[in-house]
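Next up, data.txt (compact mmCIF, N, CA and C atoms):
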```txt
# COMPACT_ATOMS: atom_id res chain seq x y z
N PRO G 169 90.35 87.93 120.59
CA PRO G 169 90.75 89.20 120.02
C PRO G 169 89.58 90.04 119.50
N VAL G 170 88.47 89.42 119.13
CA VAL G 170 87.33 90.18 118.65
C VAL G 170 86.77 91.06 119.77
N ASP G 171 87.10 90.73 121.01
CA ASP G 171 86.68 91.54 122.14
C ASP G 171 87.17 92.98 122.01
N ALA G 172 88.18 93.20 121.21
CA ALA G 172 88.71 94.55 121.01
C ALA G 172 87.63 95.50 120.49
N LEU G 173 86.60 94.96 119.86
CA LEU G 173 85.55 95.80 119.28
C LEU G 173 84.72 96.53 120.33
N VAL G 174 84.88 96.19 121.59
CA VAL G 174 84.14 96.91 122.63
C VAL G 174 84.82 98.23 122.99
N PHE G 175 86.02 98.46 122.50
CA PHE G 175 86.77 99.66 122.85
C PHE G 175 86.59 100.76 121.81
N ASP G 176 86.46 101.99 122.28
CA ASP G 176 86.26 103.14 121.40
C ASP G 176 87.38 103.31 120.38
N GLU G 177 88.60 102.97 120.78
CA GLU G 177 89.75 103.18 119.90
C GLU G 177 89.59 102.44 118.56
N VAL G 178 89.00 101.26 118.60
CA VAL G 178 88.78 100.51 117.37
C VAL G 178 87.86 101.28 116.43
N TRP G 179 86.81 101.86 116.97
CA TRP G 179 85.83 102.57 116.15
C TRP G 179 86.37 103.91 115.66
N VAL G 180 87.21 104.55 116.46
CA VAL G 180 87.86 105.79 116.03
C VAL G 180 88.81 105.47 114.87
N LEU G 181 89.57 104.39 115.01
CA LEU G 181 90.48 103.97 113.95
C LEU G 181 89.70 103.63 112.68
N ARG G 182 88.59 102.93 112.82
CA ARG G 182 87.75 102.58 111.67
C ARG G 182 87.25 103.84 110.97
N ALA G 183 86.82 104.83 111.72
CA ALA G 183 86.33 106.07 111.14
C ALA G 183 87.45 106.80 110.39
N ARG G 184 88.63 106.86 110.98
CA ARG G 184 89.76 107.56 110.34
C ARG G 184 90.23 106.83 109.08
N LEU G 185 90.35 105.52 109.17
CA LEU G 185 90.78 104.76 108.00
C LEU G 185 89.71 104.79 106.91
N GLY G 186 88.44 104.76 107.31
CA GLY G 186 87.35 104.85 106.35
C GLY G 186 87.37 106.18 105.61
N ALA G 187 87.65 107.26 106.33
CA ALA G 187 87.73 108.58 105.69
C ALA G 187 88.92 108.64 104.73
N ALA G 188 90.04 108.04 105.12
CA ALA G 188 91.22 108.02 104.25
C ALA G 188 90.95 107.19 102.99
N LEU G 189 90.29 106.06 103.15
CA LEU G 189 89.95 105.21 102.01
C LEU G 189 89.01 105.94 101.05
N ASN G 190 88.06 106.66 101.61
CA ASN G 190 87.12 107.41 100.78
C ASN G 190 87.83 108.53 100.03
N ALA G 191 88.70 109.25 100.73
CA ALA G 191 89.42 110.35 100.10
C ALA G 191 90.37 109.85 99.01
N ALA G 192 91.01 108.71 99.25
CA ALA G 192 92.00 108.18 98.31
C ALA G 192 91.38 107.56 97.08
N CYS G 193 90.27 106.84 97.26
CA CYS G 193 89.72 106.13 96.09
C CYS G 193 88.21 106.08 96.03
N GLY G 194 87.53 106.88 96.85
CA GLY G 194 86.08 106.99 96.76
C GLY G 194 85.31 105.79 97.27
N LEU G 195 85.95 104.93 98.04
CA LEU G 195 85.28 103.74 98.57
C LEU G 195 84.74 103.99 99.97
N GLU G 196 83.63 103.37 100.29
CA GLU G 196 83.04 103.46 101.62
C GLU G 196 83.45 102.25 102.44
N ALA G 197 83.77 102.45 103.69
CA ALA G 197 84.11 101.34 104.58
C ALA G 197 82.83 100.66 105.04
N ASN G 198 82.90 99.35 105.18
CA ASN G 198 81.76 98.62 105.75
C ASN G 198 82.13 98.16 107.16
N PHE G 199 81.36 97.30 107.71
CA PHE G 199 81.59 96.87 109.09
C PHE G 199 81.96 95.39 109.16
N ASP G 200 82.72 94.91 108.21
CA ASP G 200 83.22 93.54 108.20
C ASP G 200 84.50 93.52 109.04
N PHE G 201 84.47 92.90 110.19
CA PHE G 201 85.65 92.86 111.05
C PHE G 201 86.07 91.43 111.31
N ALA G 202 87.35 91.23 111.44
CA ALA G 202 87.91 89.97 111.91
C ALA G 202 89.13 90.34 112.74
N ALA G 203 89.36 89.60 113.79
CA ALA G 203 90.53 89.85 114.64
C ALA G 203 91.05 88.52 115.13
N PHE G 204 92.37 88.40 115.16
CA PHE G 204 92.96 87.18 115.68
C PHE G 204 94.37 87.47 116.14
N HIS G 205 94.87 86.59 116.96
CA HIS G 205 96.22 86.69 117.50
C HIS G 205 97.05 85.55 116.94
N VAL G 206 98.21 85.86 116.40
CA VAL G 206 99.10 84.84 115.87
C VAL G 206 100.38 84.88 116.70
N ARG G 207 100.73 83.75 117.28
CA ARG G 207 101.96 83.68 118.07
C ARG G 207 103.16 83.55 117.14
N ALA G 208 104.23 84.22 117.51
CA ALA G 208 105.46 84.15 116.72
C ALA G 208 106.06 82.76 116.80
N GLY G 209 106.88 82.45 115.85
CA GLY G 209 107.56 81.16 115.83
C GLY G 209 106.80 80.16 114.98
N GLY G 210 107.16 78.90 115.10
CA GLY G 210 106.58 77.85 114.28
C GLY G 210 105.21 77.40 114.73
N GLN G 211 104.63 78.03 115.76
CA GLN G 211 103.35 77.57 116.29
C GLN G 211 102.15 78.06 115.50
N ALA G 212 102.30 79.08 114.68
CA ALA G 212 101.14 79.66 113.99
C ALA G 212 100.41 78.61 113.16
N GLN G 213 101.13 77.81 112.40
CA GLN G 213 100.50 76.78 111.56
C GLN G 213 99.82 75.73 112.43
N ALA G 214 100.49 75.29 113.48
CA ALA G 214 99.94 74.24 114.34
C ALA G 214 98.69 74.72 115.08
N LEU G 215 98.63 75.99 115.39
CA LEU G 215 97.49 76.52 116.12
C LEU G 215 96.32 76.89 115.21
N GLY G 216 96.53 76.82 113.91
CA GLY G 216 95.47 77.20 112.99
C GLY G 216 95.17 78.69 113.04
N ALA G 217 96.15 79.50 113.35
CA ALA G 217 95.94 80.93 113.48
C ALA G 217 95.85 81.59 112.11
N GLY G 218 95.09 82.65 112.06
CA GLY G 218 94.96 83.39 110.81
C GLY G 218 94.19 82.60 109.77
N TRP G 219 94.45 82.91 108.51
CA TRP G 219 93.76 82.24 107.41
C TRP G 219 94.76 81.52 106.52
N ALA G 220 94.31 80.48 105.90
CA ALA G 220 95.11 79.82 104.87
C ALA G 220 95.12 80.73 103.64
N PRO G 221 96.02 80.50 102.69
CA PRO G 221 96.00 81.32 101.47
C PRO G 221 94.61 81.32 100.84
N HIS G 222 94.17 82.51 100.42
CA HIS G 222 92.82 82.65 99.88
C HIS G 222 92.73 83.93 99.05
N ARG G 223 91.60 84.09 98.39
CA ARG G 223 91.29 85.33 97.68
C ARG G 223 90.13 85.97 98.41
N ASP G 224 90.28 87.24 98.77
CA ASP G 224 89.14 87.96 99.34
C ASP G 224 88.06 88.06 98.27
N ARG G 225 86.83 87.84 98.65
CA ARG G 225 85.67 87.95 97.75
C ARG G 225 85.88 87.16 96.45
N ASP G 226 86.15 85.88 96.60
CA ASP G 226 86.30 85.04 95.41
C ASP G 226 84.97 84.88 94.68
N ASP G 227 85.04 84.63 93.38
CA ASP G 227 83.82 84.56 92.58
C ASP G 227 82.99 83.31 92.89
N ALA G 228 83.58 82.30 93.49
CA ALA G 228 82.82 81.09 93.82
C ALA G 228 81.87 81.31 94.99
N SER G 229 82.26 82.11 95.97
CA SER G 229 81.42 82.28 97.15
C SER G 229 80.79 83.67 97.27
N HIS G 230 81.11 84.59 96.39
CA HIS G 230 80.53 85.93 96.41
C HIS G 230 79.95 86.26 95.04
N ALA G 231 78.67 86.01 94.89
CA ALA G 231 78.01 86.30 93.62
C ALA G 231 78.23 87.75 93.24
N GLY G 232 78.59 88.00 92.02
CA GLY G 232 78.79 89.37 91.56
C GLY G 232 80.18 89.92 91.82
N ALA G 233 81.07 89.13 92.40
CA ALA G 233 82.41 89.64 92.72
C ALA G 233 83.16 90.10 91.47
N ILE G 234 82.88 89.49 90.33
CA ILE G 234 83.55 89.89 89.10
C ILE G 234 82.79 91.04 88.44
N GLY G 235 81.57 90.79 87.98
CA GLY G 235 80.81 91.79 87.24
C GLY G 235 80.52 93.05 88.04
N GLU G 236 80.14 92.89 89.29
CA GLU G 236 79.78 94.04 90.12
C GLU G 236 80.94 94.54 90.96
N GLY G 237 82.04 93.81 90.97
CA GLY G 237 83.17 94.15 91.83
C GLY G 237 84.07 95.22 91.29
N PHE G 238 83.88 95.59 90.01
CA PHE G 238 84.74 96.59 89.39
C PHE G 238 83.90 97.68 88.75
N GLY G 239 84.39 98.90 88.77
CA GLY G 239 83.73 100.00 88.10
C GLY G 239 84.00 99.95 86.60
N ALA G 240 83.37 100.85 85.86
CA ALA G 240 83.55 100.90 84.40
C ALA G 240 85.00 101.14 84.02
N ASP G 241 85.75 101.82 84.90
CA ASP G 241 87.16 102.10 84.63
C ASP G 241 88.08 100.96 85.05
N GLY G 242 87.51 99.86 85.57
CA GLY G 242 88.32 98.72 85.99
C GLY G 242 88.79 98.78 87.43
N ALA G 243 88.52 99.89 88.12
CA ALA G 243 88.93 100.03 89.51
C ALA G 243 88.02 99.17 90.40
N PRO G 244 88.59 98.53 91.41
CA PRO G 244 87.76 97.72 92.30
C PRO G 244 86.80 98.58 93.11
N ARG G 245 85.63 98.05 93.39
CA ARG G 245 84.63 98.75 94.20
C ARG G 245 84.76 98.41 95.68
N CYS G 246 85.57 97.43 96.00
CA CYS G 246 85.78 97.02 97.40
C CYS G 246 87.27 96.97 97.69
N ALA G 247 87.61 97.19 98.91
CA ALA G 247 89.00 97.08 99.34
C ALA G 247 89.03 96.47 100.73
N THR G 248 90.14 95.87 101.05
CA THR G 248 90.37 95.33 102.38
C THR G 248 91.39 96.22 103.08
N LEU G 249 91.09 96.59 104.31
CA LEU G 249 92.05 97.32 105.14
C LEU G 249 92.52 96.37 106.23
N TRP G 250 93.79 96.33 106.46
CA TRP G 250 94.36 95.45 107.46
C TRP G 250 95.27 96.28 108.34
N VAL G 251 95.09 96.19 109.64
CA VAL G 251 95.87 96.97 110.60
C VAL G 251 96.68 96.01 111.47
N ALA G 252 97.97 96.26 111.56
CA ALA G 252 98.83 95.43 112.40
C ALA G 252 98.84 96.00 113.82
N LEU G 253 98.45 95.18 114.78
CA LEU G 253 98.46 95.60 116.18
C LEU G 253 99.81 95.36 116.83
N SER G 254 100.64 94.55 116.19
CA SER G 254 102.02 94.33 116.60
C SER G 254 102.83 94.21 115.31
N ASP G 255 104.14 94.26 115.42
CA ASP G 255 104.96 94.15 114.21
C ASP G 255 104.63 92.85 113.49
N ALA G 256 104.29 92.95 112.22
CA ALA G 256 103.97 91.77 111.40
C ALA G 256 105.10 91.59 110.39
N THR G 257 105.90 90.59 110.61
CA THR G 257 107.04 90.30 109.76
C THR G 257 106.85 88.89 109.18
N PRO G 258 107.68 88.50 108.23
CA PRO G 258 107.56 87.12 107.73
C PRO G 258 107.70 86.08 108.86
N ALA G 259 108.44 86.41 109.90
CA ALA G 259 108.60 85.47 111.01
C ALA G 259 107.40 85.47 111.96
N THR G 260 106.60 86.53 111.90
CA THR G 260 105.46 86.63 112.84
C THR G 260 104.11 86.71 112.14
N SER G 261 104.04 86.20 110.93
CA SER G 261 102.77 86.08 110.22
C SER G 261 102.27 87.36 109.56
N CYS G 262 103.13 87.99 108.76
CA CYS G 262 102.65 89.12 107.96
C CYS G 262 101.79 88.59 106.81
N LEU G 263 101.13 89.50 106.13
CA LEU G 263 100.36 89.12 104.96
C LEU G 263 101.29 88.90 103.77
N TYR G 264 100.83 88.08 102.84
CA TYR G 264 101.51 87.85 101.57
C TYR G 264 100.49 88.07 100.47
N CYS G 265 100.95 88.49 99.30
CA CYS G 265 100.02 88.66 98.19
C CYS G 265 100.66 88.23 96.88
N VAL G 266 99.81 88.03 95.89
CA VAL G 266 100.25 87.80 94.52
C VAL G 266 99.85 89.05 93.75
N PRO G 267 100.78 89.74 93.12
CA PRO G 267 100.45 90.96 92.38
C PRO G 267 99.42 90.70 91.27
N LYS G 268 98.59 91.69 91.02
CA LYS G 268 97.54 91.60 90.01
C LYS G 268 98.05 91.06 88.67
N GLY G 269 99.19 91.54 88.22
CA GLY G 269 99.74 91.12 86.94
C GLY G 269 100.13 89.66 86.88
N ARG G 270 100.25 89.02 88.02
CA ARG G 270 100.62 87.60 88.10
C ARG G 270 99.45 86.73 88.51
N ASP G 271 98.26 87.30 88.52
CA ASP G 271 97.05 86.59 88.96
C ASP G 271 96.06 86.54 87.79
N PRO G 272 96.03 85.45 87.04
CA PRO G 272 95.17 85.39 85.86
C PRO G 272 93.68 85.47 86.18
N GLY G 273 93.27 85.18 87.40
CA GLY G 273 91.86 85.24 87.75
C GLY G 273 91.42 86.55 88.37
N TYR G 274 92.34 87.51 88.50
CA TYR G 274 92.01 88.75 89.19
C TYR G 274 90.78 89.43 88.60
N ALA G 275 90.81 89.73 87.32
CA ALA G 275 89.69 90.45 86.69
C ALA G 275 88.69 89.51 86.03
N ALA G 276 89.17 88.40 85.49
CA ALA G 276 88.30 87.51 84.72
C ALA G 276 87.56 86.49 85.58
N GLY G 277 88.02 86.28 86.81
CA GLY G 277 87.43 85.26 87.66
C GLY G 277 88.19 83.96 87.55
N ASP G 278 87.92 83.08 88.48
CA ASP G 278 88.66 81.82 88.56
C ASP G 278 87.90 80.64 87.97
N GLY G 279 86.69 80.88 87.50
CA GLY G 279 85.93 79.80 86.88
C GLY G 279 85.64 78.64 87.82
N GLY G 280 85.50 78.93 89.11
CA GLY G 280 85.17 77.89 90.07
C GLY G 280 86.36 77.10 90.59
N ARG G 281 87.54 77.32 90.04
CA ARG G 281 88.70 76.60 90.56
C ARG G 281 89.36 77.40 91.67
N ASN G 282 90.22 76.76 92.42
CA ASN G 282 90.96 77.42 93.48
C ASN G 282 91.83 78.51 92.87
N PRO G 283 91.74 79.76 93.35
CA PRO G 283 92.55 80.86 92.78
C PRO G 283 94.04 80.55 92.75
N LEU G 284 94.52 79.77 93.71
CA LEU G 284 95.95 79.47 93.76
C LEU G 284 96.38 78.61 92.58
N GLU G 285 95.48 77.80 92.04
CA GLU G 285 95.82 76.97 90.88
C GLU G 285 96.23 77.85 89.71
N GLY G 286 95.49 78.92 89.47
CA GLY G 286 95.84 79.82 88.37
C GLY G 286 97.13 80.58 88.63
N CYS G 287 97.29 81.06 89.85
CA CYS G 287 98.48 81.85 90.18
C CYS G 287 99.76 81.03 90.08
N PHE G 288 99.67 79.75 90.38
CA PHE G 288 100.88 78.92 90.44
C PHE G 288 100.92 77.84 89.36
N SER G 289 100.12 78.01 88.32
CA SER G 289 100.08 77.00 87.26
C SER G 289 101.38 76.93 86.47
N GLY G 290 102.22 77.93 86.59
CA GLY G 290 103.50 77.94 85.88
C GLY G 290 104.57 77.10 86.55
N GLY G 291 104.22 76.40 87.61
CA GLY G 291 105.19 75.56 88.30
C GLY G 291 105.88 76.28 89.44
N PRO G 292 106.91 75.65 89.99
CA PRO G 292 107.60 76.20 91.17
C PRO G 292 108.11 77.62 90.98
N GLY G 293 108.48 78.00 89.76
CA GLY G 293 108.98 79.36 89.52
C GLY G 293 107.93 80.42 89.79
N SER G 294 106.66 80.04 89.76
CA SER G 294 105.57 80.99 90.01
C SER G 294 105.61 81.54 91.43
N PHE G 295 106.17 80.79 92.35
CA PHE G 295 106.17 81.21 93.75
C PHE G 295 107.05 82.44 93.98
N ARG G 296 107.95 82.73 93.06
CA ARG G 296 108.81 83.91 93.23
C ARG G 296 108.03 85.21 93.13
N HIS G 297 106.80 85.14 92.62
CA HIS G 297 105.98 86.34 92.48
C HIS G 297 105.23 86.70 93.76
N VAL G 298 105.20 85.81 94.72
CA VAL G 298 104.53 86.09 95.99
C VAL G 298 105.32 87.17 96.72
N ARG G 299 104.61 88.14 97.27
CA ARG G 299 105.26 89.26 97.97
C ARG G 299 104.86 89.28 99.44
N ALA G 300 105.84 89.35 100.32
CA ALA G 300 105.58 89.55 101.74
C ALA G 300 105.26 91.02 101.95
N LEU G 301 104.34 91.30 102.86
CA LEU G 301 103.95 92.67 103.17
C LEU G 301 104.18 92.95 104.66
N PRO G 302 105.46 93.00 105.08
CA PRO G 302 105.72 93.29 106.49
C PRO G 302 105.15 94.66 106.86
N THR G 303 104.59 94.74 108.03
CA THR G 303 103.92 95.97 108.46
C THR G 303 104.25 96.23 109.93
N PRO G 304 104.72 97.43 110.28
CA PRO G 304 105.01 97.72 111.68
C PRO G 304 103.72 97.89 112.48
N ALA G 305 103.82 97.72 113.78
CA ALA G 305 102.67 97.93 114.66
C ALA G 305 102.08 99.30 114.40
N GLY G 306 100.77 99.35 114.21
CA GLY G 306 100.09 100.60 113.93
C GLY G 306 100.00 100.92 112.44
N GLY G 307 100.71 100.17 111.62
CA GLY G 307 100.65 100.37 110.18
C GLY G 307 99.40 99.74 109.60
N ALA G 308 99.01 100.21 108.44
CA ALA G 308 97.81 99.68 107.78
C ALA G 308 98.13 99.38 106.32
N LEU G 309 97.47 98.37 105.80
CA LEU G 309 97.55 98.02 104.38
C LEU G 309 96.16 98.11 103.79
N ALA G 310 96.07 98.61 102.58
CA ALA G 310 94.81 98.61 101.85
C ALA G 310 95.07 97.94 100.51
N PHE G 311 94.21 97.01 100.15
CA PHE G 311 94.39 96.34 98.88
C PHE G 311 93.04 95.92 98.31
N SER G 312 93.04 95.67 97.03
CA SER G 312 91.82 95.30 96.32
C SER G 312 91.17 94.07 96.93
N HIS G 313 89.88 94.00 96.77
CA HIS G 313 89.11 92.88 97.28
C HIS G 313 89.43 91.58 96.57
N ARG G 314 90.14 91.61 95.49
CA ARG G 314 90.46 90.41 94.72
C ARG G 314 91.78 89.87 95.15
```
Since I need it in another form, could you write the structure as structure tokens?
Amino acid sequence: PVDALVFDEVWVLRARLGAALNAACGLEANFDFAAFHVRAGGQAQALGAGWAPHRDRDDASHAGAIGEGFGADGAPRCATLWVALSDATPATSCLYCVPKGRDPGYAAGDGGRNPLEGCFSGGPGSFRHVRALPTPAGGALAFSHR
């Protein structure tokens, strides 16, 4: 799927989304790309498609993600843009997130522990805070780097 980067359409889309991101929140787009194909059905887990649950720019592997990752007003300095090339539903591997208010490590950092430990430390009831982000083909999501 990374072969898609040889096509002009990818770069036109990047320029347009970058301009929208800049206009909306003053952020500049970088050139961090990842692309993958996830097959629908129960095969996604078996094939190792996509990523396991994680935090973008976690403080353990990105020095400065906490102190330098936010402006004086608390707004993030980085964002992730995600574009669905086909309909992304819970059945076909859409993204899921934990809202900022339910993530104790969002602003303060995770102190070297797995971010999921903090998010789900309240037990099984904590899982109700996870949100599916279904996105139609051609749709885009933008969210904080944390």
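Residues within 8 Å of range 284-286 of chain G, counting all atoms listed in the file and excluding same-chain residues fewer than 6 positions away, are G:Pro221, G:His222, G:Arg223, G:Arg270, G:Asp271, G:Pro272, G:Gly273, G:Asp278.
Separating CA of Gly306 in chain G from CA of Leu181 in chain G is a distance of 10.2 Å.
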Nearest residue to Leu309 in chain G from the set G:Trp250, G:Trp179, G:Phe199, G:Phe288 (distances using only N, CA and C atoms): G:Trp250
Give the answer as one residue: which of G:Ala276, G:Ala310, G:Glu177, G:Val170 has the shortest atom-to-atom distance to His205 in chain G, using all atoms listed in the file? G:Val170
Extract, using only N, CA and C atoms, all DNA, RNA and protein residues at most 6.5 Å from range 252-263 of chain G, discarding same-chain residues fewer than 4 positions from it, and format them as a ChimeraX atom specification. /G:206-209,299-309
Output as a PDB file with N, CA and C atoms, in the frame of the given file all residues of range 214-308 of chain G that backbone DSSP marks as helix (DSSP H, G or I).
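The result, stored in states38.pdb:
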```
ATOM      1  N   ALA G 214     100.490  75.290 113.480  1.00  0.00           N
ATOM      2  CA  ALA G 214      99.940  74.240 114.340  1.00  0.00           C
ATOM      3  C   ALA G 214      98.690  74.720 115.080  1.00  0.00           C
ATOM      4  N   LEU G 215      98.630  75.990 115.390  1.00  0.00           N
ATOM      5  CA  LEU G 215      97.490  76.520 116.120  1.00  0.00           C
ATOM      6  C   LEU G 215      96.320  76.890 115.210  1.00  0.00           C
ATOM      7  N   PRO G 258     107.680  88.500 108.230  1.00  0.00           N
ATOM      8  CA  PRO G 258     107.560  87.120 107.730  1.00  0.00           C
ATOM      9  C   PRO G 258     107.700  86.080 108.860  1.00  0.00           C
ATOM     10  N   ALA G 259     108.440  86.410 109.900  1.00  0.00           N
ATOM     11  CA  ALA G 259     108.600  85.470 111.010  1.00  0.00           C
ATOM     12  C   ALA G 259     107.400  85.470 111.960  1.00  0.00           C
ATOM     13  N   THR G 260     106.600  86.530 111.900  1.00  0.00           N
ATOM     14  CA  THR G 260     105.460  86.630 112.840  1.00  0.00           C
ATOM     15  C   THR G 260     104.110  86.710 112.140  1.00  0.00           C
ATOM     16  N   LYS G 268      98.590  91.690  91.020  1.00  0.00           N
ATOM     17  CA  LYS G 268      97.540  91.600  90.010  1.00  0.00           C
ATOM     18  C   LYS G 268      98.050  91.060  88.670  1.00  0.00           C
ATOM     19  N   GLY G 269      99.190  91.540  88.220  1.00  0.00           N
ATOM     20  CA  GLY G 269      99.740  91.120  86.940  1.00  0.00           C
ATOM     21  C   GLY G 269     100.130  89.660  86.880  1.00  0.00           C
ATOM     22  N   ARG G 270     100.250  89.020  88.020  1.00  0.00           N
ATOM     23  CA  ARG G 270     100.620  87.600  88.100  1.00  0.00           C
ATOM     24  C   ARG G 270      99.450  86.730  88.510  1.00  0.00           C
ATOM     25  N   PRO G 283      91.740  79.760  93.350  1.00  0.00           N
ATOM     26  CA  PRO G 283      92.550  80.860  92.780  1.00  0.00           C
ATOM     27  C   PRO G 283      94.040  80.550  92.750  1.00  0.00           C
ATOM     28  N   LEU G 284      94.520  79.770  93.710  1.00  0.00           N
ATOM     29  CA  LEU G 284      95.950  79.470  93.760  1.00  0.00           C
ATOM     30  C   LEU G 284      96.380  78.610  92.580  1.00  0.00           C
ATOM     31  N   GLU G 285      95.480  77.800  92.040  1.00  0.00           N
ATOM     32  CA  GLU G 285      95.820  76.970  90.880  1.00  0.00           C
ATOM     33  C   GLU G 285      96.230  77.850  89.710  1.00  0.00           C
ATOM     34  N   GLY G 286      95.490  78.920  89.470  1.00  0.00           N
ATOM     35  CA  GLY G 286      95.840  79.820  88.370  1.00  0.00           C
ATOM     36  C   GLY G 286      97.130  80.580  88.630  1.00  0.00           C
ATOM     37  N   CYS G 287      97.290  81.060  89.850  1.00  0.00           N
ATOM     38  CA  CYS G 287      98.480  81.850  90.180  1.00  0.00           C
ATOM     39  C   CYS G 287      99.760  81.030  90.080  1.00  0.00           C
ATOM     40  N   PRO G 292     106.910  75.650  89.990  1.00  0.00           N
ATOM     41  CA  PRO G 292     107.600  76.200  91.170  1.00  0.00           C
ATOM     42  C   PRO G 292     108.110  77.620  90.980  1.00  0.00           C
ATOM     43  N   GLY G 293     108.480  78.000  89.760  1.00  0.00           N
ATOM     44  CA  GLY G 293     108.980  79.360  89.520  1.00  0.00           C
ATOM     45  C   GLY G 293     107.930  80.420  89.790  1.00  0.00           C
ATOM     46  N   SER G 294     106.660  80.040  89.760  1.00  0.00           N
ATOM     47  CA  SER G 294     105.570  80.990  90.010  1.00  0.00           C
ATOM     48  C   SER G 294     105.610  81.540  91.430  1.00  0.00           C
ATOM     49  N   PHE G 295     106.170  80.790  92.350  1.00  0.00           N
ATOM     50  CA  PHE G 295     106.170  81.210  93.750  1.00  0.00           C
ATOM     51  C   PHE G 295     107.050  82.440  93.980  1.00  0.00           C
ATOM     52  N   ARG G 296     107.950  82.730  93.060  1.00  0.00           N
ATOM     53  CA  ARG G 296     108.810  83.910  93.230  1.00  0.00           C
ATOM     54  C   ARG G 296     108.030  85.210  93.130  1.00  0.00           C
ATOM     55  N   HIS G 297     106.800  85.140  92.620  1.00  0.00           N
ATOM     56  CA  HIS G 297     105.980  86.340  92.480  1.00  0.00           C
ATOM     57  C   HIS G 297     105.230  86.700  93.760  1.00  0.00           C
TER      58      HIS G 297
END
```
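Relative to atom C of Gly242 in chain G, CA of Ala191 in chain G is found at 17.2 Å.
CA of His313 in chain G lies 7.4 Å from atom C of Pro244 in chain G.
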Residue list (strand (DSSP E or B), DSSP) for range 170-301 of chain G, as a PDB file with N, CA and C atoms, keeping the file's coordinate frame:
```pdb
ATOM      1  N   PHE G 238      83.880  95.590  90.010  1.00  0.00           N
ATOM      2  CA  PHE G 238      84.740  96.590  89.390  1.00  0.00           C
ATOM      3  C   PHE G 238      83.900  97.680  88.750  1.00  0.00           C
ATOM      4  N   PRO G 244      88.590  98.530  91.410  1.00  0.00           N
ATOM      5  CA  PRO G 244      87.760  97.720  92.300  1.00  0.00           C
ATOM      6  C   PRO G 244      86.800  98.580  93.110  1.00  0.00           C
ATOM      7  N   ALA G 247      87.610  97.190  98.910  1.00  0.00           N
ATOM      8  CA  ALA G 247      89.000  97.080  99.340  1.00  0.00           C
ATOM      9  C   ALA G 247      89.030  96.470 100.730  1.00  0.00           C
ATOM     10  N   THR G 248      90.140  95.870 101.050  1.00  0.00           N
ATOM     11  CA  THR G 248      90.370  95.330 102.380  1.00  0.00           C
ATOM     12  C   THR G 248      91.390  96.220 103.080  1.00  0.00           C
ATOM     13  N   LEU G 249      91.090  96.590 104.310  1.00  0.00           N
ATOM     14  CA  LEU G 249      92.050  97.320 105.140  1.00  0.00           C
ATOM     15  C   LEU G 249      92.520  96.370 106.230  1.00  0.00           C
ATOM     16  N   TRP G 250      93.790  96.330 106.460  1.00  0.00           N
ATOM     17  CA  TRP G 250      94.360  95.450 107.460  1.00  0.00           C
ATOM     18  C   TRP G 250      95.270  96.280 108.340  1.00  0.00           C
ATOM     19  N   VAL G 251      95.090  96.190 109.640  1.00  0.00           N
ATOM     20  CA  VAL G 251      95.870  96.970 110.600  1.00  0.00           C
ATOM     21  C   VAL G 251      96.680  96.010 111.470  1.00  0.00           C
ATOM     22  N   ALA G 256     104.290  92.950 112.220  1.00  0.00           N
ATOM     23  CA  ALA G 256     103.970  91.770 111.400  1.00  0.00           C
ATOM     24  C   ALA G 256     105.100  91.590 110.390  1.00  0.00           C
ATOM     25  N   LEU G 263     101.130  89.500 106.130  1.00  0.00           N
ATOM     26  CA  LEU G 263     100.360  89.120 104.960  1.00  0.00           C
ATOM     27  C   LEU G 263     101.290  88.900 103.770  1.00  0.00           C
ATOM     28  N   TYR G 264     100.830  88.080 102.840  1.00  0.00           N
ATOM     29  CA  TYR G 264     101.510  87.850 101.570  1.00  0.00           C
ATOM     30  C   TYR G 264     100.490  88.070 100.470  1.00  0.00           C
ATOM     31  N   CYS G 265     100.950  88.490  99.300  1.00  0.00           N
ATOM     32  CA  CYS G 265     100.020  88.660  98.190  1.00  0.00           C
ATOM     33  C   CYS G 265     100.660  88.230  96.880  1.00  0.00           C
ATOM     34  N   ARG G 299     104.610  88.140  97.270  1.00  0.00           N
ATOM     35  CA  ARG G 299     105.260  89.260  97.970  1.00  0.00           C
ATOM     36  C   ARG G 299     104.860  89.280  99.440  1.00  0.00           C
ATOM     37  N   ALA G 300     105.840  89.350 100.320  1.00  0.00           N
ATOM     38  CA  ALA G 300     105.580  89.550 101.740  1.00  0.00           C
ATOM     39  C   ALA G 300     105.260  91.020 101.950  1.00  0.00           C
ATOM     40  N   LEU G 301     104.340  91.300 102.860  1.00  0.00           N
ATOM     41  CA  LEU G 301     103.950  92.670 103.170  1.00  0.00           C
ATOM     42  C   LEU G 301     104.180  92.950 104.660  1.00  0.00           C
TER      43      LEU G 301
END
```
